[in-house]
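Note: the block below is my_file_29.csv and it holds CSV, C-alpha atoms.
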chain,number,residue,atom,x,y,z
O,999,MET,CA,-28.5,-66.2,9.8
O,1000,LYS,CA,-29.8,-62.8,8.7
O,1001,LYS,CA,-27.2,-60.0,8.6
O,1002,SER,CA,-28.0,-56.9,10.4
O,1003,PRO,CA,-28.0,-53.8,8.1
O,1004,ALA,CA,-24.7,-51.9,8.0
O,1005,PRO,CA,-24.8,-48.7,10.1
O,1006,PHE,CA,-25.5,-45.6,8.2
O,1007,GLN,CA,-22.4,-43.7,7.1
O,1008,PRO,CA,-22.7,-40.2,5.6
O,1009,ALA,CA,-21.1,-39.7,2.3
O,1010,ARG,CA,-17.6,-38.4,2.6
O,1011,GLN,CA,-16.5,-35.2,0.9
O,1012,SER,CA,-13.3,-34.9,-0.9
O,1013,VAL,CA,-10.9,-32.4,0.5
O,1014,ASP,CA,-11.4,-30.0,-2.3
O,1015,GLU,CA,-15.2,-30.1,-1.8
O,1016,THR,CA,-14.7,-29.5,2.0
O,1017,ILE,CA,-12.4,-26.6,1.4
O,1018,GLY,CA,-14.7,-25.2,-1.3
O,1019,ASP,CA,-17.6,-25.4,1.1
O,1020,HIS,CA,-15.7,-23.7,3.9
O,1021,ALA,CA,-14.5,-21.0,1.4
O,1022,GLU,CA,-18.1,-20.3,0.3
O,1023,ARG,CA,-19.4,-20.1,3.9
O,1024,LEU,CA,-16.6,-17.8,5.0
O,1025,SER,CA,-16.9,-15.6,2.0
O,1026,ALA,CA,-20.6,-15.2,2.5
O,1027,GLN,CA,-20.2,-14.4,6.2
O,1028,LEU,CA,-17.4,-11.9,5.5
O,1029,GLN,CA,-19.5,-10.2,2.8
O,1030,ALA,CA,-22.5,-10.0,5.2
O,1031,MET,CA,-20.3,-8.4,7.9
O,1032,SER,CA,-18.8,-6.1,5.4
O,1033,HIS,CA,-22.2,-5.0,4.1
O,1034,ALA,CA,-23.4,-4.4,7.7
O,1035,LEU,CA,-20.4,-2.1,8.4
O,1036,PHE,CA,-20.1,-0.6,4.9
O,1037,PRO,CA,-23.0,-1.2,2.5
O,1038,PRO,CA,-22.1,-1.8,-1.2
O,1039,THR,CA,-24.1,1.4,-2.1
O,1040,ALA,CA,-21.9,3.5,0.2
O,1041,GLN,CA,-18.9,5.4,-1.0
O,1042,LYS,CA,-15.9,5.9,1.2
O,1043,MET,CA,-15.2,9.5,1.9
O,1044,LEU,CA,-12.2,11.1,3.5
O,1045,ARG,CA,-13.0,13.2,6.5
O,1046,LYS,CA,-12.3,16.9,6.5
O,1047,PHE,CA,-9.3,18.4,8.3
O,1048,THR,CA,-9.4,21.1,10.9
O,1049,SER,CA,-7.5,24.3,10.1
O,1050,GLY,CA,-4.8,23.3,12.6
O,1051,GLU,CA,-4.4,19.9,10.8
O,1052,ALA,CA,-4.4,21.7,7.4
O,1053,ALA,CA,-1.8,24.2,8.6
O,1054,ARG,CA,0.5,21.4,9.8
O,1055,LEU,CA,0.2,19.6,6.4
O,1056,LEU,CA,1.0,22.8,4.6
O,1057,ASN,CA,3.7,23.7,7.1
O,1058,VAL,CA,2.3,27.2,7.6
O,1059,SER,CA,0.7,28.9,10.6
O,1060,ASP,CA,-3.0,28.6,11.4
O,1061,SER,CA,-3.2,32.4,11.4
O,1062,MET,CA,-1.9,32.5,7.8
O,1063,LEU,CA,-4.7,30.1,6.7
O,1064,ARG,CA,-7.2,32.3,8.5
O,1065,LYS,CA,-5.9,35.4,6.6
O,1066,ILE,CA,-6.1,33.7,3.3
O,1067,SER,CA,-9.7,32.6,4.1
O,1068,LEU,CA,-10.8,36.0,5.2
O,1069,LYS,CA,-9.4,37.7,2.1
O,1070,GLY,CA,-11.2,35.2,0.0
O,1071,GLU,CA,-8.0,34.4,-1.9
O,1072,GLY,CA,-8.2,30.6,-1.6
O,1073,PRO,CA,-10.7,27.8,-1.3
O,1074,GLN,CA,-13.2,28.6,1.4
O,1075,PRO,CA,-13.4,26.1,4.3
O,1076,GLU,CA,-16.6,24.7,5.8
O,1077,LEU,CA,-17.6,26.6,8.9
O,1078,THR,CA,-19.1,24.5,11.7
O,1079,SER,CA,-21.7,25.7,14.2
O,1080,ASN,CA,-18.9,26.3,16.8
O,1081,GLY,CA,-16.8,28.3,14.4
O,1082,ARG,CA,-14.2,25.7,13.4
O,1083,ARG,CA,-12.9,25.8,9.9
O,1084,LEU,CA,-12.7,22.5,8.0
O,1085,TYR,CA,-10.8,21.8,4.8
O,1086,SER,CA,-11.0,18.9,2.4
O,1087,LEU,CA,-7.8,17.3,1.1
O,1088,ALA,CA,-8.6,18.7,-2.4
O,1089,GLN,CA,-8.8,22.2,-0.9
O,1090,ILE,CA,-5.5,21.7,0.9
O,1091,ASN,CA,-3.8,20.7,-2.4
O,1092,GLU,CA,-5.4,23.8,-4.0
O,1093,LEU,CA,-3.8,25.8,-1.3
O,1094,ARG,CA,-0.5,24.1,-2.0
O,1095,VAL,CA,-0.6,25.4,-5.6
O,1096,LYS,CA,-1.5,28.9,-4.5
O,1097,LEU,CA,1.2,29.1,-1.8
O,1098,ALA,CA,3.8,27.7,-4.3
O,1099,ALA,CA,2.8,30.4,-6.9
O,1100,SER,CA,3.2,33.2,-4.3
O,1101,SER,CA,6.6,31.8,-3.2
O,1102,ARG,CA,9.9,31.8,-5.0
O,1103,GLY,CA,12.6,29.2,-5.7
O,1104,ARG,CA,12.9,26.2,-3.3
O,1105,ALA,CA,10.3,27.5,-0.9
O,1106,GLY,CA,7.7,27.2,-3.7
O,1107,SER,CA,8.7,23.7,-4.6
O,1108,ASN,CA,8.3,22.6,-1.0
O,1109,PHE,CA,4.6,23.3,-1.2
O,1110,VAL,CA,4.1,21.2,-4.3
O,1111,PRO,CA,6.7,18.5,-3.9
O,1112,HIS,CA,6.1,16.8,-7.3
O,1113,ARG,CA,9.2,15.2,-8.9
O,1114,ARG,CA,10.9,17.4,-11.5
O,1115,GLY,CA,13.6,17.5,-14.1
O,1116,ASP,CA,15.5,14.2,-14.2
O,1117,GLU,CA,14.0,12.8,-10.9
O,1118,HIS,CA,12.8,9.3,-11.7
O,1119,LEU,CA,9.5,7.7,-10.7
O,1120,GLN,CA,10.0,6.1,-7.3
O,1121,VAL,CA,8.5,2.6,-7.3
O,1122,LEU,CA,8.4,1.2,-3.7
O,1123,ALA,CA,7.7,-2.5,-3.2
O,1124,VAL,CA,6.4,-3.4,0.2
O,1125,THR,CA,7.0,-7.1,0.7
O,1126,ASN,CA,7.6,-10.2,2.9
O,1127,PHE,CA,7.2,-13.9,2.5
O,1128,LYS,CA,5.1,-14.3,5.7
O,1129,GLY,CA,1.6,-13.0,6.1
O,1130,GLY,CA,0.7,-11.0,9.2
O,1131,SER,CA,3.8,-8.8,9.0
O,1132,GLY,CA,1.8,-5.6,8.5
O,1133,LYS,CA,2.6,-5.4,4.8
O,1134,THR,CA,-0.8,-4.2,3.6
O,1135,THR,CA,-1.3,-1.9,6.5
O,1136,THR,CA,2.1,-0.4,5.9
O,1137,SER,CA,1.4,0.0,2.1
O,1138,ALA,CA,-2.0,1.8,2.7
O,1139,HIS,CA,-0.7,4.2,5.4
O,1140,LEU,CA,2.4,5.0,3.4
O,1141,ALA,CA,0.4,5.7,0.2
O,1142,GLN,CA,-2.0,7.9,2.1
O,1143,TYR,CA,0.7,9.7,4.0
O,1144,LEU,CA,2.5,10.6,0.8
O,1145,ALA,CA,-0.8,11.9,-0.7
O,1146,LEU,CA,-1.4,14.0,2.4
O,1147,GLN,CA,2.1,15.5,1.9
O,1148,GLY,CA,1.2,16.6,-1.6
O,1149,TYR,CA,2.8,13.8,-3.7
O,1150,ARG,CA,1.0,12.2,-6.7
O,1151,VAL,CA,0.7,8.5,-5.6
O,1152,LEU,CA,-0.4,5.3,-7.4
O,1153,ALA,CA,-1.2,2.4,-5.1
O,1154,VAL,CA,-0.9,-1.0,-6.8
O,1155,ASP,CA,-2.5,-4.1,-5.2
O,1156,LEU,CA,-0.5,-7.0,-6.5
O,1157,ASP,CA,-1.9,-9.4,-4.0
O,1158,PRO,CA,-4.7,-11.7,-5.3
O,1159,GLN,CA,-6.3,-11.5,-1.8
O,1160,ALA,CA,-6.7,-7.7,-2.5
O,1161,SER,CA,-6.7,-6.5,1.1
O,1162,LEU,CA,-5.2,-3.2,0.0
O,1163,SER,CA,-8.1,-2.6,-2.5
O,1164,ALA,CA,-10.7,-3.3,0.3
O,1165,LEU,CA,-8.9,-0.9,2.6
O,1166,LEU,CA,-9.1,1.8,0.0
O,1167,GLY,CA,-12.8,1.3,-0.6
O,1168,VAL,CA,-12.8,-1.2,-3.6
O,1169,LEU,CA,-14.3,-4.6,-2.8
O,1170,PRO,CA,-12.5,-7.2,-5.0
O,1171,GLU,CA,-15.5,-9.6,-5.2
O,1172,ILE,CA,-18.0,-6.8,-6.1
O,1173,ASP,CA,-16.3,-3.8,-7.6
O,1174,VAL,CA,-13.6,-5.4,-9.7
O,1175,SER,CA,-14.6,-7.3,-12.9
O,1176,ASP,CA,-12.5,-9.3,-15.4
O,1177,ASN,CA,-9.5,-7.5,-16.9
O,1178,GLU,CA,-9.6,-4.7,-14.4
O,1179,THR,CA,-6.5,-5.4,-12.4
O,1180,LEU,CA,-2.8,-5.0,-13.2
O,1181,TYR,CA,-3.0,-8.4,-15.0
O,1182,ALA,CA,-4.9,-6.5,-17.8
O,1183,ALA,CA,-1.8,-4.5,-18.6
O,1184,ILE,CA,0.8,-7.4,-18.3
O,1185,ARG,CA,-1.0,-10.3,-19.9
O,1186,TYR,CA,0.4,-12.0,-23.0
O,1187,ASP,CA,-2.7,-12.2,-25.2
O,1188,GLU,CA,-4.8,-9.9,-27.4
O,1189,HIS,CA,-6.9,-8.8,-24.3
O,1190,LYS,CA,-4.0,-6.7,-23.0
O,1191,ARG,CA,-5.0,-3.2,-22.0
O,1192,PRO,CA,-3.2,0.1,-21.5
O,1193,LEU,CA,-2.5,0.6,-17.8
O,1194,ALA,CA,-4.3,3.9,-17.7
O,1195,GLU,CA,-7.6,2.1,-18.3
O,1196,VAL,CA,-7.5,0.1,-15.1
O,1197,ILE,CA,-6.4,3.0,-12.8
O,1198,ARG,CA,-9.1,4.3,-10.5
O,1199,LYS,CA,-9.4,7.5,-8.6
O,1200,THR,CA,-9.9,7.1,-4.8
O,1201,TYR,CA,-11.6,9.3,-2.2
O,1202,PHE,CA,-8.1,10.5,-1.3
O,1203,ASP,CA,-7.2,13.4,-3.5
O,1204,GLY,CA,-3.8,12.7,-5.1
O,1205,LEU,CA,-4.0,8.9,-4.5
O,1206,ASP,CA,-5.0,6.5,-7.3
O,1207,LEU,CA,-5.4,2.8,-7.2
O,1208,ILE,CA,-4.9,-0.3,-9.4
O,1209,PRO,CA,-7.1,-2.8,-7.6
O,1210,GLY,CA,-6.5,-6.5,-7.3
O,1211,ASN,CA,-8.5,-9.7,-7.1
O,1212,LEU,CA,-8.0,-13.4,-7.8
O,1213,GLU,CA,-7.5,-12.7,-11.5
O,1214,LEU,CA,-3.9,-11.8,-10.7
O,1215,MET,CA,-3.2,-15.5,-10.2
O,1216,GLU,CA,-3.6,-15.9,-14.0
O,1217,PHE,CA,-0.1,-14.4,-14.4
O,1218,GLU,CA,1.3,-17.4,-12.5
O,1219,HIS,CA,-0.3,-19.7,-15.0
O,1220,THR,CA,0.3,-17.9,-18.3
O,1221,THR,CA,3.9,-17.0,-17.7
O,1222,PRO,CA,5.3,-20.5,-17.8
O,1223,LYS,CA,3.5,-21.0,-21.1
O,1224,ALA,CA,5.0,-17.8,-22.4
O,1225,LEU,CA,8.5,-18.9,-21.3
O,1226,THR,CA,8.3,-22.3,-22.9
O,1227,SER,CA,7.0,-20.7,-26.2
O,1228,GLY,CA,10.2,-18.8,-26.5
O,1229,ALA,CA,9.0,-15.3,-25.8
O,1230,GLU,CA,11.0,-12.3,-27.1
O,1231,PRO,CA,13.2,-10.6,-24.6
O,1232,GLU,CA,11.0,-7.5,-24.5
O,1233,ALA,CA,8.1,-9.7,-23.6
O,1234,MET,CA,9.8,-11.4,-20.7
O,1235,PHE,CA,7.7,-11.6,-17.5
O,1236,PHE,CA,10.1,-9.6,-15.4
O,1237,THR,CA,9.9,-6.5,-17.7
O,1238,ARG,CA,6.2,-6.3,-18.0
O,1239,VAL,CA,5.2,-4.5,-14.8
O,1240,ALA,CA,8.0,-1.9,-15.3
O,1241,ARG,CA,6.9,-1.3,-18.9
O,1242,ALA,CA,3.3,-0.8,-17.8
O,1243,PHE,CA,4.4,1.8,-15.2
O,1244,ASP,CA,6.4,3.6,-17.9
O,1245,GLU,CA,3.1,4.3,-19.7
O,1246,VAL,CA,1.8,6.4,-16.8
O,1247,ALA,CA,5.1,7.6,-15.2
O,1248,ASP,CA,4.5,11.3,-16.0
O,1249,GLU,CA,1.3,11.3,-13.9
O,1250,TYR,CA,2.9,10.2,-10.6
O,1251,ASP,CA,5.8,10.8,-8.2
O,1252,VAL,CA,5.6,7.6,-6.2
O,1253,VAL,CA,4.2,4.1,-6.9
O,1254,VAL,CA,3.5,1.9,-3.8
O,1255,ILE,CA,3.2,-1.8,-4.5
O,1256,ASP,CA,1.6,-4.2,-2.0
O,1257,CYS,CA,3.3,-7.5,-3.0
O,1258,PRO,CA,1.8,-11.0,-2.5
O,1259,PRO,CA,3.2,-13.0,0.5
O,1260,GLN,CA,4.8,-15.5,-1.8
O,1261,LEU,CA,7.6,-15.5,-4.4
O,1262,GLY,CA,6.0,-16.2,-7.7
O,1263,PHE,CA,6.3,-14.6,-11.1
O,1264,LEU,CA,4.0,-11.7,-10.0
O,1265,THR,CA,6.1,-10.8,-7.0
O,1266,LEU,CA,9.3,-11.1,-9.0
O,1267,SER,CA,7.9,-8.8,-11.7
O,1268,GLY,CA,7.0,-6.3,-9.0
O,1269,LEU,CA,10.4,-6.4,-7.5
O,1270,CYS,CA,12.0,-6.0,-10.9
O,1271,ALA,CA,9.9,-2.9,-11.5
O,1272,ALA,CA,10.8,-1.4,-8.1
O,1273,THR,CA,13.4,1.3,-7.4
O,1274,SER,CA,13.3,0.6,-3.7
O,1275,MET,CA,12.0,-2.0,-1.2
O,1276,ILE,CA,10.6,-2.1,2.2
O,1277,ILE,CA,10.6,-5.5,3.9
O,1278,THR,CA,8.2,-5.7,6.9
O,1279,VAL,CA,9.1,-8.0,9.7
O,1280,HIS,CA,7.4,-8.8,13.0
O,1281,PRO,CA,10.4,-9.0,15.5
O,1282,GLN,CA,9.8,-12.6,16.7
O,1283,MET,CA,12.1,-15.5,16.1
O,1284,LEU,CA,9.6,-17.5,14.0
O,1285,ASP,CA,8.9,-14.5,11.8
O,1286,THR,CA,12.6,-13.7,11.5
O,1287,ALA,CA,13.4,-17.3,10.5
O,1288,SER,CA,10.7,-17.1,7.9
O,1289,MET,CA,12.2,-13.9,6.6
O,1290,SER,CA,15.6,-15.6,6.4
O,1291,GLN,CA,14.1,-18.1,4.0
O,1292,PHE,CA,12.4,-15.3,2.1
O,1293,LEU,CA,15.7,-13.5,1.6
O,1294,LEU,CA,17.6,-16.7,0.5
O,1295,MET,CA,14.9,-17.5,-2.1
O,1296,THR,CA,14.7,-13.9,-3.3
O,1297,ARG,CA,18.4,-13.8,-3.8
O,1298,ASP,CA,18.4,-17.0,-5.9
O,1299,LEU,CA,15.4,-16.0,-8.0
O,1300,LEU,CA,16.5,-12.4,-8.6
O,1301,GLY,CA,20.0,-13.7,-9.4
O,1302,VAL,CA,18.5,-15.8,-12.2
O,1303,VAL,CA,16.5,-12.7,-13.4
O,1304,ARG,CA,19.6,-10.6,-13.4
O,1305,THR,CA,21.5,-13.1,-15.6
O,1306,HIS,CA,18.7,-12.7,-18.1
O,1307,GLY,CA,18.9,-8.9,-18.2
O,1308,GLY,CA,16.7,-7.9,-15.3
O,1309,ASN,CA,17.6,-4.5,-13.8
O,1310,LEU,CA,17.9,-4.8,-10.1
O,1311,GLU,CA,19.5,-1.5,-9.0
O,1312,TYR,CA,17.6,-0.1,-6.0
O,1313,ASP,CA,17.8,3.4,-4.4
O,1314,PHE,CA,17.4,1.8,-1.0
O,1315,LEU,CA,16.3,-1.4,0.8
O,1316,ARG,CA,15.1,-1.1,4.3
O,1317,TYR,CA,13.6,-3.4,7.0
O,1318,LEU,CA,10.6,-2.1,8.9
O,1319,LEU,CA,9.8,-3.6,12.4
O,1320,THR,CA,6.1,-3.8,12.6
O,1321,ARG,CA,3.6,-4.7,15.5
O,1322,TYR,CA,6.6,-3.9,17.7
O,1323,GLU,CA,6.1,-4.0,21.5
O,1324,PRO,CA,9.1,-2.2,23.2
O,1325,GLN,CA,8.2,-3.7,26.6
O,1326,ASP,CA,8.5,-7.3,25.2
O,1327,ALA,CA,12.0,-8.5,26.0
O,1328,PRO,CA,12.2,-11.2,23.3
O,1329,GLN,CA,11.1,-8.7,20.7
O,1330,THR,CA,13.7,-6.2,21.8
O,1331,LYS,CA,16.4,-8.9,21.5
O,1332,VAL,CA,15.3,-9.7,17.9
O,1333,ALA,CA,15.2,-6.0,17.1
O,1334,SER,CA,18.7,-5.6,18.4
O,1335,LEU,CA,19.9,-8.7,16.5
O,1336,LEU,CA,18.5,-7.3,13.2
O,1337,ARG,CA,20.1,-3.9,13.8
O,1338,ASN,CA,23.4,-5.5,14.6
O,1339,LEU,CA,23.3,-7.6,11.5
O,1340,PHE,CA,21.9,-5.1,9.0
O,1341,ASP,CA,23.0,-1.7,10.5
O,1342,ASP,CA,21.3,1.2,8.6
O,1343,HIS,CA,19.3,-1.1,6.5
O,1344,VAL,CA,16.8,-1.3,9.4
O,1345,LEU,CA,14.6,1.8,9.6
O,1346,THR,CA,15.3,3.8,12.8
O,1347,ASN,CA,11.7,4.2,13.5
O,1348,THR,CA,9.4,1.2,14.3
O,1349,MET,CA,5.6,0.7,13.9
O,1350,VAL,CA,4.4,-0.1,17.3
O,1351,LYS,CA,1.6,-2.6,17.9
O,1352,SER,CA,-1.5,-0.6,18.6
O,1353,ALA,CA,-5.2,-1.2,19.3
O,1354,ALA,CA,-5.8,2.0,17.3
O,1355,VAL,CA,-4.8,0.4,14.1
O,1356,SER,CA,-6.9,-2.7,14.8
O,1357,ASP,CA,-9.9,-0.6,15.8
O,1358,ALA,CA,-9.7,1.5,12.6
O,1359,GLY,CA,-9.4,-1.7,10.5
O,1360,LEU,CA,-12.7,-3.0,11.8
O,1361,THR,CA,-14.4,-0.4,9.6
O,1362,LYS,CA,-11.9,-0.7,6.8
O,1363,GLN,CA,-10.2,2.6,7.7
O,1364,THR,CA,-6.7,3.7,8.4
O,1365,LEU,CA,-5.5,6.0,11.1
O,1366,TYR,CA,-5.3,8.9,8.6
O,1367,GLU,CA,-9.0,8.5,7.9
O,1368,ILE,CA,-10.6,7.7,11.2
O,1369,GLY,CA,-9.8,10.9,13.2
O,1370,ARG,CA,-8.6,11.4,16.7
O,1371,GLU,CA,-12.1,11.9,18.1
O,1372,ASN,CA,-13.2,8.3,17.2
O,1373,LEU,CA,-10.6,6.5,19.3
O,1374,THR,CA,-9.0,6.6,22.7
O,1375,ARG,CA,-6.9,9.7,22.3
O,1376,THR,CA,-3.7,8.6,24.1
O,1377,THR,CA,-3.7,5.4,22.1
O,1378,TYR,CA,-4.4,7.2,18.8
O,1379,ASP,CA,-1.7,9.8,19.5
O,1380,ARG,CA,0.9,7.1,20.3
O,1381,ALA,CA,0.1,5.2,17.1
O,1382,MET,CA,0.1,8.3,14.9
O,1383,GLU,CA,3.4,9.4,16.3
O,1384,ALA,CA,5.0,6.1,15.4
O,1385,LEU,CA,3.2,6.0,12.0
O,1386,ASP,CA,4.3,9.5,11.0
O,1387,ALA,CA,7.8,8.8,12.1
O,1388,VAL,CA,8.1,5.7,10.0
O,1389,ASN,CA,6.5,7.3,6.9
O,1390,GLY,CA,8.5,10.5,7.4
O,1391,GLU,CA,11.7,8.5,7.4
O,1392,ILE,CA,10.7,6.7,4.2
O,1393,LYS,CA,9.8,10.0,2.6
O,1394,GLY,CA,13.2,11.3,3.5
O,1395,LEU,CA,14.8,8.3,1.7
O,1396,ILE,CA,12.7,9.0,-1.4
O,1397,ARG,CA,13.8,12.7,-1.4
O,1398,LYS,CA,17.4,11.6,-0.9
O,1399,ALA,CA,17.1,9.3,-3.9
O,1400,TRP,CA,16.0,12.4,-5.9
O,1401,GLY,CA,19.0,14.3,-4.7
O,1402,ARG,CA,16.9,16.5,-2.4
O,1403,SER,CA,17.6,17.4,1.2
Representation of the structure as structure tokens:
Amino acid sequence: MKKSPAPFQPARQSVDETIGDHAERLSAQLQAMSHALFPPTAQKMLRKFTSGEAARLLNVSDSMLRKISLKGEGPQPELTSNGRRLYSLAQINELRVKLAASSRGRAGSNFVPHRRGDEHLQVLAVTNFKGGSGKTTTSAHLAQYLALQGYRVLAVDLDPQASLSALLGVLPEIDVSDNETLYAAIRYDEHKRPLAEVIRKTYFDGLDLIPGNLELMEFEHTTPKALTSGAEPEAMFFTRVARAFDEVADEYDVVVIDCPPQLGFLTLSGLCAATSMIITVHPQMLDTASMSQFLLMTRDLLGVVRTHGGNLEYDFLRYLLTRYEPQDAPQTKVASLLRNLFDDHVLTNTMVKSAAVSDAGLTKQTLYEIGRENLTRTTYDRAMEALDAVNGEIKGLIRKAWGRS
């Protein structure tokens, strides 16, 4: 009896081939969407600020700015057709220097708040084990806020996914080549570079960036080899990021590190370089349970690092409630639980969940970039109020660590 032919069966893909295929499709689609919204040839530019906004950033009256402008004693603002005066951030920083020079003592130093004397570089690690906690958004807004306040800020993208880099106008797949991330300054071989060579200026005056991309994962692979080869103590992995920052410490007041959402050698190195830590947490039970595991693992791993000479003295450690919905009863219960457990270690202010942040993110912008006129004003104002309150509280902690009021 003649056998009927076997039914056709398509060739099966291995799981790595399937995942690879999906990754390539998704990457191509995301790039196409990104190019449509923000072409590769385009350069991100920070909007200009109204005289009222500039006055608030400088903590002076609008009339004083007008007098300076009319006398021709400072940078001249752009005049619009309706008579509004617009200042760039670089001009605002120029005005800071001018106002500081014409003031005396503490008043002058308030205009230019750079660290001085024996005030140490503040290295602030923003971290959590769970993705989606608002870590990158928090890092970007904090770095920009401090730059707007006149501080010299270095943003460090330690996450191989490089979302912070993309948000600050550097596309990891296009703009970042080999040996152009922090890995270049902490690697173990002859290709190691000075940190200054991988720092980039951004469109935000006073804010520089060390971008990230998948190259950062190399540190997770090369570090075990260095450990098993009997590396000298000064070459230990947990000292390398701090030593790299020491090379450029005189150029900055604050370093903001966006840490990866996992506890590897890279994250531990960032935490060992830090002088303070912000742990972002979405106040829901699953996220809180995940954070509990993160804290336990961090304790154990940092304990091992400390026994081998790692310096783990922090100026402050704070939990920041993100994507918070005050009207959500379960979230308010979790928030109360965390405040009861951790007391003052939870920031007083919370970052509320806001459509304004999501809408700005669609075009790879932050609230500080997009401007009030581009969003629903009540939604924008509510989000900005929360954002400024959070960042202002963190700025206060930094100043307190320096011994300032």
Under the rule that only C-alpha atoms are counted, which of O:Lys1133, O:Arg1045, O:Lys1223, O:Arg1064 is the nearest residue to Leu1156 (chain O)?
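Closest candidate: O:Lys1133.
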Best match for closeness to Ile1368 (chain O) among O:His1112, O:Gln1027, O:Leu1318, O:Lys1042, counting only C-alpha atoms:
O:Lys1042
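Nearest to Asn1057 (chain O) of all the residues O:Gly1204, O:Pro1192, O:Gly1148, O:Gly1070 is O:Gly1148, counting all atoms listed in the file.
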Among listed residues O:Ala1399, O:Met1382, O:Leu1214, O:Ala1123, nearest His1139 (chain O) (using all atoms listed in the file)
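Looking at the shortest contact to His1139 (chain O), the residue is O:Met1382.
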Point (-6.8, -3.1, -10.8), cut-off 7 Å, counting only C-alpha atoms, residues as a ChimeraX atom specification:
/O:1178-1180,1196-1197,1208-1210
As a list in words, please: the residues near Ser1352 (chain O) (cut-off 12 Å, all atoms listed in the file, same-chain neighbours under 6 positions excluded).
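Result of the neighbour search: Gly1132, Thr1320, Arg1321, Tyr1322, Glu1323, Pro1324, Ala1358, Gly1359, Leu1365, Leu1373, Thr1374, Thr1376, Thr1377, Tyr1378, Asp1379, Arg1380, Ala1381, Met1382, Glu1383, Ala1384 and Leu1385 of chain O.
Take CA of Tyr1201 (chain O) and CA of Leu1044 (chain O): the distance between them is 6.0 Å.
Taking only C-alpha atoms into account, Val1350 (chain O) lies nearest to O:Thr1136 out of the set O:Thr1136, O:Phe1109, O:Ala1153, O:Ala1242.
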Considering all atoms listed in the file, state which residue in the set O:Phe1340, O:Tyr1186, O:Phe1314, O:Phe1236 is at the smallest distance from Leu1299 (chain O).
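That would be O:Phe1236, the residue with the smallest distance to Leu1299 (chain O).
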May I ask for the distance between CA of Met1283 (chain O) and CA of Thr1330 (chain O), given in Å to one decimal place?
11.0 Å
Leaving out Val1168 (chain O) and any residue of its chain fewer than 5 positions from it, which residues lie within 10 Å of it when counting all atoms listed in the file, given as a list in words?
Pro1038, Gln1041, Lys1042, Ala1160, Ser1161, Leu1162, Ser1163, Asp1173, Val1174, Arg1198, Thr1200, Leu1207, Ile1208, Pro1209 and Gly1210 of chain O
Around (8.8, -5.7, -10.4) in the file's own coordinates, what residues are found within 10 Å if you use all atoms listed in the file, given back as a PyMOL selection string?
chain O and resi 1121-1123+1235-1241+1243+1255+1257+1263-1273+1308-1310
Can I get the selection written as a CSV table (one decimal), keeping the file's coordinate frame, with C-alpha atoms?
chain,number,residue,atom,x,y,z
O,1121,VAL,CA,8.5,2.6,-7.3
O,1122,LEU,CA,8.4,1.2,-3.7
O,1123,ALA,CA,7.7,-2.5,-3.2
O,1235,PHE,CA,7.7,-11.6,-17.5
O,1236,PHE,CA,10.1,-9.6,-15.4
O,1237,THR,CA,9.9,-6.5,-17.7
O,1238,ARG,CA,6.2,-6.3,-18.0
O,1239,VAL,CA,5.2,-4.5,-14.8
O,1240,ALA,CA,8.0,-1.9,-15.3
O,1241,ARG,CA,6.9,-1.3,-18.9
O,1243,PHE,CA,4.4,1.8,-15.2
O,1255,ILE,CA,3.2,-1.8,-4.5
O,1257,CYS,CA,3.3,-7.5,-3.0
O,1263,PHE,CA,6.3,-14.6,-11.1
O,1264,LEU,CA,4.0,-11.7,-10.0
O,1265,THR,CA,6.1,-10.8,-7.0
O,1266,LEU,CA,9.3,-11.1,-9.0
O,1267,SER,CA,7.9,-8.8,-11.7
O,1268,GLY,CA,7.0,-6.3,-9.0
O,1269,LEU,CA,10.4,-6.4,-7.5
O,1270,CYS,CA,12.0,-6.0,-10.9
O,1271,ALA,CA,9.9,-2.9,-11.5
O,1272,ALA,CA,10.8,-1.4,-8.1
O,1273,THR,CA,13.4,1.3,-7.4
O,1308,GLY,CA,16.7,-7.9,-15.3
O,1309,ASN,CA,17.6,-4.5,-13.8
O,1310,LEU,CA,17.9,-4.8,-10.1
Could you jot down the CA of Arg1094 (chain O) to CA of Lys1065 (chain O) separation for me, Å, one decimal place?
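If I compute the distance from CA of Arg1094 (chain O) to CA of Lys1065 (chain O), I get 15.2 Å.
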Extract, using only C-alpha atoms, all DNA, RNA and protein residues at most 7 Å from Ala1052 (chain O), discarding same-chain residues fewer than 5 positions from it, and format them as a list in words.
Phe1047, Tyr1085 and Ile1090 of chain O
Suppose we keep C-alpha atoms; can you now write the selection as a compact mmCIF listing (two decimals), keeping the file's coordinate frame?
# COMPACT_ATOMS: atom_id res chain seq x y z
CA PHE O 1047 -9.30 18.40 8.30
CA TYR O 1085 -10.80 21.80 4.80
CA ILE O 1090 -5.50 21.70 0.90
